[in-house]
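K.L.:
What follows is a structure written as C-alpha cells; I'll ask about it next.
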Amino acid sequence: MADVASAIWCLPSLPESLPWPKSYAVLGSPIAHSLSPAIHQAAFAAIGWPGGYGRIEVDAAGLGAVVDRLKTTGFSGWNCTAPLKQEMFRLCDRRAVTAVQLGSVNTVRHEKGTLEGHNTDGKGWVLAVEEAFSVSLRELRILFLGLGGAGAALARQASWEGCPLLHLANRTSSKALALAAELEPRCRSQAVPWEEAPLCEAASSADLLVSSLTDDPPLLRNPGLLDRLFRPGLFVFDLRYWPADLPLLEAARARGALTANGLGMLLHQAALAFELWTGASAPLSIMREALAASLSPGPAEKVSG
Ligand SMILES: NC(=O)c1ccc[n+]([C@@H]2O[C@H](COP(=O)([O-])OP(=O)(O)OC[C@H]3O[C@@H](n4cnc5c(N)ncnc54)[C@H](OP(=O)(O)O)[C@@H]3O)[C@@H](O)[C@H]2O)c1
C-alpha cells in the first residue's frame with residue numbers, strides 16, 4: 001500500500017482497479033512535490049476512513065481522459081491544482097456555489113458517474129488569513145499582487161466576503177483591468193498599474209497585501225520601494241510556502257509588517273475537501289502535524305498543493 005501511495009501515476013500507469021476502498025488523488029502538473037497525499041493520508045488514518053490518496057501527473061489537455069478513467073475505476077474524489085482548475089470546472093456535471101463564485105474547481109466528489117465540483121481554496125484562504133492575523137477578513141482593504149489563477153480566485157473570494165476595497169495589481173495589466181470591471185458591481189475594486197508609485201500608494205490604503213506571484217520580480221527587490229510598500233502593522237500573506245524564508249516576507253518583517261506564508265491555506269483547503277468527502281470533521285491538528293513533518297527536511301524544489 002505504501003508503494004501505491006508514493007507512486008506518481010499518469011494515464012497509462014493509472015490502476016485499473018481501485019487501489020483503496022475509497023480512493024482519492026491530486027491531479028496537476030508538476031505534481032511530484034505535492035504535500036496533499038501526506039495531509040490526507042494522515043487525516044484518513046486518524047478517523048479510520050478506508051481511504052488512500054495518490055498523485056496523478058496530467059496537464060489540461062490530458063485531463064478529460066484521466067477523469068474518464070477515474071470515473072470508470074470508481075475513485076471517490078480528487079483535488080486539482082495548477083494548471084487544471086478551470087478545465088476541471090468545465091468537466092463537472094454539477095458545480096457548488098463555491099466553484100461558481102471563483103470560476104474554478106479544486107475539489108471533486110464523484111458518485112455513480114456524476115462529478116460535483118467545489119472550490120475550497122477561497123474559504124481555506126479566508127480561514128488561513130483570519131487564523132494568522134486574528135482578524136475578520138471582511139473588514140480588510142486588500143492589495144493583491146499577482147492575478148494569475150490563484151490571485152484572481154482569491155480576489156473573487158474577497159469580493160464575495162464583502163471586503164471594503166480591493167486593489168488589483170498584475171504585471172500584465174489587462175488582467176487587473178478585466179477583473180476590476182468584473183468585481184466592481186459587488187465590491188469597490190481598482191486596477192493598479194504595475195509601477196512603483198501606484199503600488200506604494202495602494203499599499204498605504206490597504207490593511208492586507210496578498211502576493212500570489214510565482215517569482216520575486218526585480219521591482220519587488222528594490223529596497224526603496226520595499227520601504228514604502230511595507231509598514232508596521234500591515235498584514236502580508238504570500239501564497240507560497242517554500243522556501244521557508246520567502247524574500248518578500250523577510251522584507252516585510254524587517255519593516256515591521258506581520259506575515260504569513262501559504263501553509264495555512266494549504267491546510268485549510270485540504271481540511272474543507274476532507275469534510276466534503278467524508279462528512280466528518282477534519283482532524284486539523286493531525287493534518288497540521290503531517291504537513292509540518294512532510295516539510296522537514298524540506299523538499300529540494302518547489303512544492304505545490
Ligand atoms: N498555499 C496554497 O494553498 C496555494 C494555492 C494555490 C496556489 N499557490 C501558489 O500561488 C502561486 C501562484 O499560483 P497561480 O496558480 O496563480 O500561478 P499563475 O497562474 O502562473 O500566476 C502567476 C502570477 O505571477 C505573476 N508573475 C510571474 N512572474 C512574474 C514576474 N517576473 N514579474 C511580475 N509578475 C510575475 C504572473 O503575472 P502575469 O499575469 O503578468 O504573467 C501571475 O500574476 C504559486 O506559487 C502556487 O504554488 C498556493
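How things are named: the first chain in the C-alpha cells is A, the next is B, and so on; residues count from 1 in each chain; ligands count from 1 in the order shown.
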Name the residues, by chain letter and number, that sit within 9 Å of ligand 1 using only C-alpha atoms and all ligand atoms, and give them as a PyMOL selection string.
P.N.:
chain A and resi 81-83+85+121+124-125+145-153+169-176+194+211-220+238-242+261-270+302-305
K.L.:
Can those selected residues be exported to a file as a compact mmCIF listing (two decimals), in the first residue's frame so that it contains N, CA and C atoms?
P.N.:
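See again-v7.txt below for the written result:
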```
# COMPACT_ATOMS: atom_id res chain seq x y z
N THR A 81 -4.85 20.84 -8.88
CA THR A 81 -4.01 22.01 -8.67
C THR A 81 -3.64 22.56 -10.04
N ALA A 82 -2.72 23.56 -10.08
CA ALA A 82 -2.37 24.19 -11.35
C ALA A 82 -1.86 23.14 -12.33
N PRO A 83 -2.17 23.22 -13.62
CA PRO A 83 -2.96 24.27 -14.28
C PRO A 83 -4.38 23.80 -14.63
N LYS A 85 -7.56 23.88 -12.76
CA LYS A 85 -8.78 24.21 -12.02
C LYS A 85 -9.91 24.74 -12.92
N ASP A 121 -10.40 26.47 -2.03
CA ASP A 121 -9.27 27.41 -1.90
C ASP A 121 -9.71 28.73 -1.27
N GLY A 124 -10.60 28.34 2.35
CA GLY A 124 -9.35 27.93 3.01
C GLY A 124 -8.43 29.12 3.22
N TRP A 125 -8.37 29.99 2.22
CA TRP A 125 -7.55 31.21 2.34
C TRP A 125 -8.13 32.15 3.40
N LEU A 145 -1.15 41.40 -5.21
CA LEU A 145 -0.03 41.44 -6.14
C LEU A 145 -0.03 40.11 -6.89
N GLY A 146 -0.41 40.13 -8.16
CA GLY A 146 -0.49 38.89 -8.92
C GLY A 146 -1.93 38.43 -9.06
N LEU A 147 -2.35 38.28 -10.31
CA LEU A 147 -3.74 37.87 -10.58
C LEU A 147 -3.74 36.73 -11.60
N GLY A 148 -2.86 35.75 -11.34
CA GLY A 148 -2.91 34.52 -12.13
C GLY A 148 -4.10 33.71 -11.64
N GLY A 149 -4.06 32.39 -11.84
CA GLY A 149 -5.19 31.56 -11.43
C GLY A 149 -5.54 31.74 -9.96
N ALA A 150 -4.55 31.66 -9.08
CA ALA A 150 -4.83 31.72 -7.64
C ALA A 150 -5.20 33.14 -7.20
N GLY A 151 -4.43 34.12 -7.63
CA GLY A 151 -4.70 35.50 -7.21
C GLY A 151 -6.09 35.97 -7.63
N ALA A 152 -6.48 35.67 -8.86
CA ALA A 152 -7.80 36.09 -9.34
C ALA A 152 -8.90 35.39 -8.54
N ALA A 153 -8.70 34.11 -8.24
CA ALA A 153 -9.71 33.37 -7.46
C ALA A 153 -9.88 33.99 -6.07
N ALA A 169 -3.37 44.41 -8.69
CA ALA A 169 -2.15 44.73 -9.44
C ALA A 169 -1.58 43.47 -10.07
N ASN A 170 -1.25 43.59 -11.35
CA ASN A 170 -0.67 42.45 -12.06
C ASN A 170 0.27 42.97 -13.15
N ARG A 171 1.38 42.26 -13.36
CA ARG A 171 2.33 42.68 -14.40
C ARG A 171 1.62 42.86 -15.74
N THR A 172 0.81 41.90 -16.12
CA THR A 172 0.01 42.03 -17.35
C THR A 172 -1.25 42.80 -16.97
N SER A 173 -1.26 44.08 -17.29
CA SER A 173 -2.29 44.97 -16.72
C SER A 173 -3.69 44.63 -17.20
N SER A 174 -3.81 44.00 -18.38
CA SER A 174 -5.16 43.69 -18.89
C SER A 174 -5.92 42.79 -17.90
N LYS A 175 -5.21 41.92 -17.19
CA LYS A 175 -5.89 41.02 -16.22
C LYS A 175 -6.46 41.83 -15.07
N ALA A 176 -5.70 42.83 -14.60
CA ALA A 176 -6.18 43.66 -13.48
C ALA A 176 -7.40 44.48 -13.91
N TRP A 194 1.32 48.35 -12.62
CA TRP A 194 2.46 47.61 -12.08
C TRP A 194 3.70 48.50 -12.09
N SER A 211 0.31 38.34 -1.90
CA SER A 211 1.12 38.05 -3.08
C SER A 211 0.86 36.63 -3.55
N SER A 212 0.50 36.52 -4.83
CA SER A 212 0.40 35.18 -5.45
C SER A 212 1.35 35.13 -6.64
N LEU A 213 2.48 35.83 -6.52
CA LEU A 213 3.48 35.83 -7.59
C LEU A 213 4.26 34.52 -7.54
N THR A 214 4.60 34.01 -8.71
CA THR A 214 5.39 32.78 -8.75
C THR A 214 6.89 33.10 -8.74
N ASP A 215 7.19 34.38 -8.81
CA ASP A 215 8.58 34.81 -8.93
C ASP A 215 8.74 36.06 -8.05
N ASP A 216 9.97 36.41 -7.69
CA ASP A 216 10.20 37.69 -7.00
C ASP A 216 10.78 38.65 -8.03
N PRO A 217 9.94 39.45 -8.67
CA PRO A 217 10.40 40.29 -9.78
C PRO A 217 11.35 41.39 -9.30
N PRO A 218 12.22 41.90 -10.19
CA PRO A 218 13.19 42.94 -9.82
C PRO A 218 12.51 44.13 -9.13
N LEU A 219 11.33 44.50 -9.59
CA LEU A 219 10.61 45.63 -8.99
C LEU A 219 10.47 45.47 -7.48
N LEU A 220 10.21 44.23 -7.05
CA LEU A 220 9.98 43.99 -5.62
C LEU A 220 11.26 43.64 -4.86
N ASP A 238 1.79 35.62 1.71
CA ASP A 238 2.35 35.09 0.45
C ASP A 238 1.83 33.68 0.27
N LEU A 239 1.21 33.40 -0.87
CA LEU A 239 0.62 32.07 -1.07
C LEU A 239 1.65 30.96 -1.12
N ARG A 240 2.90 31.31 -1.42
CA ARG A 240 3.92 30.25 -1.49
C ARG A 240 4.29 29.80 -0.07
N TYR A 241 4.84 28.60 0.03
CA TYR A 241 5.29 28.15 1.35
C TYR A 241 6.66 27.50 1.26
N TRP A 242 7.33 27.70 0.16
CA TRP A 242 8.68 27.20 0.01
C TRP A 242 9.44 28.15 -0.88
N ASN A 261 2.88 32.72 5.43
CA ASN A 261 3.04 32.07 4.13
C ASN A 261 1.81 31.20 3.83
N GLY A 262 1.86 30.46 2.71
CA GLY A 262 0.68 29.75 2.23
C GLY A 262 0.37 28.42 2.89
N LEU A 263 1.14 28.04 3.91
CA LEU A 263 0.88 26.73 4.55
C LEU A 263 -0.51 26.64 5.17
N GLY A 264 -0.93 27.73 5.78
CA GLY A 264 -2.26 27.73 6.42
C GLY A 264 -3.36 27.55 5.38
N MET A 265 -3.18 28.15 4.23
CA MET A 265 -4.19 28.00 3.16
C MET A 265 -4.21 26.56 2.65
N LEU A 266 -3.01 25.99 2.47
CA LEU A 266 -2.92 24.60 2.02
C LEU A 266 -3.64 23.68 3.01
N LEU A 267 -3.40 23.92 4.29
CA LEU A 267 -4.02 23.10 5.34
C LEU A 267 -5.54 23.22 5.31
N HIS A 268 -6.03 24.46 5.30
CA HIS A 268 -7.48 24.65 5.44
C HIS A 268 -8.25 24.24 4.19
N GLN A 269 -7.65 24.44 2.98
CA GLN A 269 -8.38 23.97 1.80
C GLN A 269 -8.46 22.44 1.82
N ALA A 270 -7.40 21.80 2.34
CA ALA A 270 -7.40 20.33 2.43
C ALA A 270 -8.44 19.86 3.45
N LYS A 302 10.47 23.33 -5.69
CA LYS A 302 9.14 23.87 -5.48
C LYS A 302 8.15 22.78 -5.05
N VAL A 303 7.25 23.11 -4.14
CA VAL A 303 6.20 22.19 -3.77
C VAL A 303 4.87 22.79 -4.18
N SER A 304 3.87 21.99 -4.35
CA SER A 304 2.57 22.51 -4.74
C SER A 304 1.48 21.84 -3.93
N GLY A 305 0.24 22.46 -4.00
CA GLY A 305 -0.88 21.92 -3.23
C GLY A 305 -1.26 20.55 -3.70
```
K.L.:
Tell me, as JSON, numbers by chain, which residues lie within 12 Å of Val135 (chain A), counting only C-alpha atoms; anything in the same chain fewer than 6 positions away does not count.
P.N.:
{"A": [126, 127, 128, 129, 141, 207, 208, 235]}
K.L.:
For those residues, write C-alpha atoms to a file as a PDB file, in the first residue's frame.
P.N.:
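The result, stored in selection.pdb:
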```pdb
ATOM      1  CA  VAL A 126     -10.067  33.199   4.420  1.00  0.00           C
ATOM      2  CA  LEU A 127      -9.596  30.810   7.365  1.00  0.00           C
ATOM      3  CA  ALA A 128      -5.807  30.982   7.000  1.00  0.00           C
ATOM      4  CA  VAL A 129      -5.732  34.796   6.981  1.00  0.00           C
ATOM      5  CA  ARG A 141      -8.837  46.576   2.471  1.00  0.00           C
ATOM      6  CA  ASP A 207      -4.642  46.533   5.578  1.00  0.00           C
ATOM      7  CA  LEU A 208      -3.554  43.297   3.890  1.00  0.00           C
ATOM      8  CA  PHE A 235      -0.598  42.150   7.155  1.00  0.00           C
TER       9      PHE A 235
END
```
K.L.:
As a PyMOL selection string, which residues of region 86-293 of chain A does DSSP assign to alpha helix (DSSP H)?
P.N.:
chain A and resi 86-91+97-102+121-133+149-161+173-183+196-204+223-229+247-254+263-278+284-293
K.L.:
What lies within 7 Å of Ile8 (chain A) using only C-alpha atoms, ignoring chain neighbours under 3 positions off, as a list in words?
P.N.:
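Listing them by chain and then by number gives Ala32, Arg55, Ile56 and Glu57 of chain A.
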K.L.:
Give me the residues within 12 Å of Ser294 (chain A) as a list in words, counting only C-alpha atoms and dropping any in the same chain fewer than 6 places off.
P.N.:
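Residues near the query, excluding close chain neighbours: His33, Ser34, Leu35, Ser36, Pro37, Ala38, Ile39, His40, Gln41, Ala42, Leu263, Met287, Arg288 and Val303 of chain A.
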K.L.:
Tell me which protein, DNA and RNA residues are within 12 Å of Ala257 (chain A), counting only C-alpha atoms, leaving out same-chain ones fewer than 6 positions away, and put them as a list in words.
P.N.:
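Final neighbour list, sorted by chain and number: Phe133, Ala203, Asp207, Leu208, Leu209, Leu226, Asp227, Arg228, Leu229, Phe230, Arg231, Pro232, Gly233, Leu234, Phe235, Val236, Phe237, Leu248, Leu249, Glu250 and Ala251 of chain A.
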K.L.:
Once you have the residues from the selection above, write them out as a compact mmCIF listing (two decimals), in the first residue's frame, restricted to N, CA and C atoms.
P.N.:
```txt
# COMPACT_ATOMS: atom_id res chain seq x y z
N PHE A 133 -3.71 36.22 11.46
CA PHE A 133 -3.64 37.62 11.92
C PHE A 133 -4.72 37.97 12.95
N ALA A 203 -0.73 50.36 -1.41
CA ALA A 203 -0.38 49.69 -0.15
C ALA A 203 -0.68 50.58 1.05
N ASP A 207 -4.95 47.18 4.30
CA ASP A 207 -4.64 46.53 5.58
C ASP A 207 -3.89 45.23 5.36
N LEU A 208 -4.13 44.61 4.20
CA LEU A 208 -3.55 43.30 3.89
C LEU A 208 -3.01 43.32 2.47
N LEU A 209 -1.77 42.84 2.32
CA LEU A 209 -1.18 42.66 0.99
C LEU A 209 -1.09 41.16 0.74
N LEU A 226 10.47 48.78 -1.26
CA LEU A 226 10.03 47.95 -0.12
C LEU A 226 9.81 48.81 1.12
N ASP A 227 10.66 49.85 1.29
CA ASP A 227 10.49 50.76 2.44
C ASP A 227 9.13 51.45 2.40
N ARG A 228 8.67 51.75 1.18
CA ARG A 228 7.40 52.48 1.07
C ARG A 228 6.21 51.52 0.99
N LEU A 229 6.46 50.28 0.54
CA LEU A 229 5.37 49.31 0.38
C LEU A 229 4.92 48.77 1.75
N PHE A 230 5.88 48.48 2.60
CA PHE A 230 5.59 47.84 3.88
C PHE A 230 5.65 48.85 5.03
N ARG A 231 4.85 48.62 6.04
CA ARG A 231 4.88 49.47 7.24
C ARG A 231 4.51 48.62 8.44
N PRO A 232 4.86 49.06 9.63
CA PRO A 232 4.49 48.29 10.82
C PRO A 232 2.98 48.08 10.88
N GLY A 233 2.59 46.85 11.18
CA GLY A 233 1.17 46.56 11.35
C GLY A 233 0.47 46.08 10.07
N LEU A 234 1.08 46.31 8.90
CA LEU A 234 0.48 45.80 7.66
C LEU A 234 0.51 44.27 7.70
N PHE A 235 -0.58 43.61 7.27
CA PHE A 235 -0.60 42.15 7.16
C PHE A 235 -0.13 41.77 5.76
N VAL A 236 0.78 40.82 5.67
CA VAL A 236 1.31 40.39 4.37
C VAL A 236 1.21 38.87 4.27
N PHE A 237 0.51 38.39 3.23
CA PHE A 237 0.27 36.95 3.05
C PHE A 237 0.83 36.55 1.70
N LEU A 248 10.03 38.07 -0.02
CA LEU A 248 9.04 39.13 0.17
C LEU A 248 8.62 39.22 1.64
N LEU A 249 8.44 38.07 2.27
CA LEU A 249 8.03 38.06 3.68
C LEU A 249 9.17 38.53 4.58
N GLU A 250 10.39 38.15 4.24
CA GLU A 250 11.54 38.63 5.03
C GLU A 250 11.61 40.16 4.97
N ALA A 251 11.44 40.71 3.76
CA ALA A 251 11.50 42.16 3.59
C ALA A 251 10.36 42.84 4.36
```
K.L.:
Would you mind telling me which residue in A:Gly51, A:Leu179, A:Ile142, A:Ala202 lies nearest to Glu161 (chain A) when using only C-alpha atoms?
P.N.:
A:Ile142
K.L.:
Rounded to one decimal, what separation in Å do you get between CA of Val192 (chain A) and CA of Arg156 (chain A)?
P.N.:
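Interatomic distance, CA of Val192 (chain A) to CA of Arg156 (chain A): 16.2 Å.
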